[in-house]
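Asker: Please see the structure below; I have some questions.
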Protein chains: 2
Amino acid sequence: MSPLAATPTDARQGGMRNEPVQVELIAVLVAVTDGDPRVLTIESGFALPSGPLESGHRSLQSGLRAWVERQTHHPLGYAEQLYTFADQQRDAARSISISYLGLSREAAAAEYPGAIWRSWYEYFPWEDRRQGVAAAEALLPGLAVWAREDAARHLRVSGLFGGAGRGWNEELVLQRYELLWEAGLVPEARRGGAVEMPLVPGAEMTHDHRRILATAIARLRAKIKYRPVVFELLPRDFTLLELQQTMEALAGQSLHKPNFRRLIEQQELVEETGKFTSGLAGRPAKLFRFRPAVLEERGFTGTKLPLVR
Amino acid sequence: MSPLAATPTDARQGGMRNEPVQVELIAVLVAVTDGDPRVLTIESGFALPSGPLESGHRSLQSGLRAWVERQTHHPLGYAEQLYTFADQQRDAARSISISYLGLSREAAAAEYPGAIWRSWYEYFPWEDRRQGVAAAEALLPGLAVWAREDAARHLRVSGLFGGAGRGWNEELVLQRYELLWEAGLVPEARRGGAVEMPLVPGAEMTHDHRRILATAIARLRAKIKYRPVVFELLPRDFTLLELQQTMEALAGQSLHKPNFRRLIEQQELVEETGKFTSGLAGRPAKLFRFRPAVLEERGFTGTKLPLVR
DNA sequence: TCCCCTTATACTCAACATGAGTATAAATTG
DNA sequence: CAATTTATACTCATGTTGAGTATAAGGGGA
């Protein structure tokens, strides 16, 4: 009954029971286009691309990379494992899902029929606060019903969704989604159950794919603060405004422009190319590029976000 | 050849090839005793506890929890997935290892023959800088040989090991270990190869277990800064000095006492119990306990470390 | 041509957080 | 009861952050 052997002998000397296990890889592939954080989906946005683990690759990551690069015709800049789930099936056959986050640039995923890029805010509208907090506040009445006369629930709601002057932590994407699930406000939680309250807006996904997407968003929002991964989502040359808007798209929040520039400059993450934008409205902007040397110079811990309140 | 199916049909409609895959769980169980961060090992410290995945548990984590609690007779306060590796075996049978980090309190692991708690600094002596940086600086000559006349290597060494006035980032445990591996300075990298340079101090482990341990240390050092997980390693009541020393044990660095207290107090992570220590040398210290309400109040992002320079 | 709109870039300032150090209190130990 | 040890409280200079203002440099249209 135990997942770990009772004695080291069992564990280390080939005494393992070899259960049949299916292993599936699930990819959350992210790009930012026109200030929109997008994710590659299949089945009209109802599922994340996934497939069985096959032999022939050195590692899980190298297999994922090869697949993504063939599908998008674009190198996969950054890949990171998200989480491994084990589902106990009814028929006793276990299946294991290993999910990955990948950063790329949007490109026609031509070889992948039915694949489309969709804004991740279609699935989590309340996570986009760049144009205001209306989408998040629309959830409060429903949550208030769920939390009625339960002090602990009230605390959780206001801690996560921020009502009454409390802050908004953009990293708590998964916790918010799980609370909405617990409250029965997302369709995935309604399987066979009675419908009690009006559902919250946002597109549904199959199985636990929406949950995996929430995990990916949370991870990425945390990561951009201490690793220079944003640059994987940008072209080689970019303006500081483009960089800022990409960050804003990911964080779902507006940033304070002068402070953002100060932060970027003092961290020496980028260098001038000597070139400028042209043809657009307004004063031409300097074009910058990422300074890859920082990857080796520092072990990192920087890149914070100057939010606008 | 691809790990993800070429078409959604393959992936989603049962077209999976069902390769025989072995799944193994590996646990990095951490406790802090007498100011020493310890990890539960088997085989005289040569391996981490591990075993095959078995059926009968809802999830991977619940299986791990049950096993740990039976072995240590102590509830597993906190568990977190670390990483999933896939090894391609020579005989074409794939095996998958899912590693976990668990926080506990040291207890006689009576039912587990051969299990002992060992300080993690036995495996990574250079990561302990509480009594000085001698252990880390002892590595520099060997690394200098490896980096000779290679500017990029020099940058990496000084970025990770901090020579010449550059700072030390305690979170880069894995990167430092991997660099030592690359330089051929750890025994695990010597399988069948020629011995060129004297090895670095530190105990060896089987397979990639030392690497998994490095991953766990890095993760925990990062985590304690923004989630109140330290308290899982402490008794219910503790003094601020005990809390500080536990943090120091994990971070491998000394902290500035007045500033540490200021930080803890202003974050309102703990509350007074009204009790005091007694029988020890010096003025009696107030006993505090963790204030679990914070888990629900906030979404967190706090708990930084005031390092001593 | 000149004014206006737009975007880029530079600078200021108060509030707060942090790093470092000093001073005082209350116990045990010899 | 003095010396030692640990706890706890406070100060101060510096750095970082949030917020706002001012100026520069392009294009478009009256």
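Naming scheme: A, B, ... for chains in displayed order of the structure tokens; residues 1 onward per chain; ligands 1 onward as shown.
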Kindly assemble as JSON lines a list of the chain C residues that lie within 12 Å of chain B, each paired with its nearest atom pair and their distance in Å to one decimal, using only C-alpha atoms (C1' of nucleotides), sorted first by chain and then by ascending residue number.

Answerer:
```
{"residue": "C:DA17", "atom": "C1'", "partner": "B:Leu263", "partner_atom": "CA", "distance": 10.1}
{"residue": "C:DT18", "atom": "C1'", "partner": "B:Pro306", "partner_atom": "CA", "distance": 8.1}
{"residue": "C:DG19", "atom": "C1'", "partner": "B:Pro306", "partner_atom": "CA", "distance": 8.0}
{"residue": "C:DA20", "atom": "C1'", "partner": "B:His256", "partner_atom": "CA", "distance": 8.8}
{"residue": "C:DG21", "atom": "C1'", "partner": "B:Pro258", "partner_atom": "CA", "distance": 9.8}
{"residue": "C:DT22", "atom": "C1'", "partner": "B:Pro258", "partner_atom": "CA", "distance": 11.2}
{"residue": "C:DA25", "atom": "C1'", "partner": "B:Arg283", "partner_atom": "CA", "distance": 8.2}
{"residue": "C:DA26", "atom": "C1'", "partner": "B:Arg283", "partner_atom": "CA", "distance": 4.8}
{"residue": "C:DA27", "atom": "C1'", "partner": "B:Arg283", "partner_atom": "CA", "distance": 3.8}
{"residue": "C:DT28", "atom": "C1'", "partner": "B:Ala281", "partner_atom": "CA", "distance": 4.8}
{"residue": "C:DT29", "atom": "C1'", "partner": "B:Ala281", "partner_atom": "CA", "distance": 8.2}
```

Asker: Figure out the distance between CA of Ala249 (chain B) and CA of Val32 (chain B), please, to one decimal in Å.

Answerer: 7.5 Å

Asker: Among region 42-176 of chain B, which residues carry a DSSP assignment of strand (DSSP E or B), reported as a ChimeraX atom specification?

Answerer: /B:42,47,50-52,78-88,94-103,116-119

Asker: Could you check which of B:Val270, B:Leu240, B:Leu140, B:Leu172 is closest to DT6 (chain D), using only C-alpha atoms (C1' of nucleotides)?

Answerer: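 Closest candidate: B:Leu240.
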
Asker: Excluding DA15 (chain C) and residues on its chain fewer than 2 positions from it, collect all residues at most 10 Å away from it, counting only C-alpha atoms (C1' of nucleotides), and give them as number ranges by chain.

Answerer: C: 13, 17; D: 17-18

Asker: Which chain D residues are at most 9 Å from chain B (counting only C-alpha atoms (C1' of nucleotides)), as a count of residues only?

Answerer: 5

Asker: Can you list every residue in region 23-86 of chain A that DSSP puts in helix (DSSP H, G or I), as an MDAnalysis selection string?

Answerer: chainID A and resid 60:72

Asker: How far is it from CA of His74 (chain A) to CA of Leu40 (chain A), in Å with one decimal?

Answerer: 13.4 Å

Asker: Looking at D:DA3, D:DG26, D:DT16, D:DT11, which one is nearest to DT7 (chain C), with distances taken over only C-alpha atoms (C1' of nucleotides)?

Answerer: D:DG26

Asker: Can you tell me how far CA of Ile96 (chain A) sits from CA of Thr206 (chain A), in Å to one decimal?

Answerer: 16.3 Å

Asker: Go through B:Val30, B:Ala144, B:Leu213, B:Leu179 one by one, measure the shortest atom-to-atom distance of each to chain A using only C-alpha atoms, and give the residue with the smallest value.

Answerer: B:Leu179
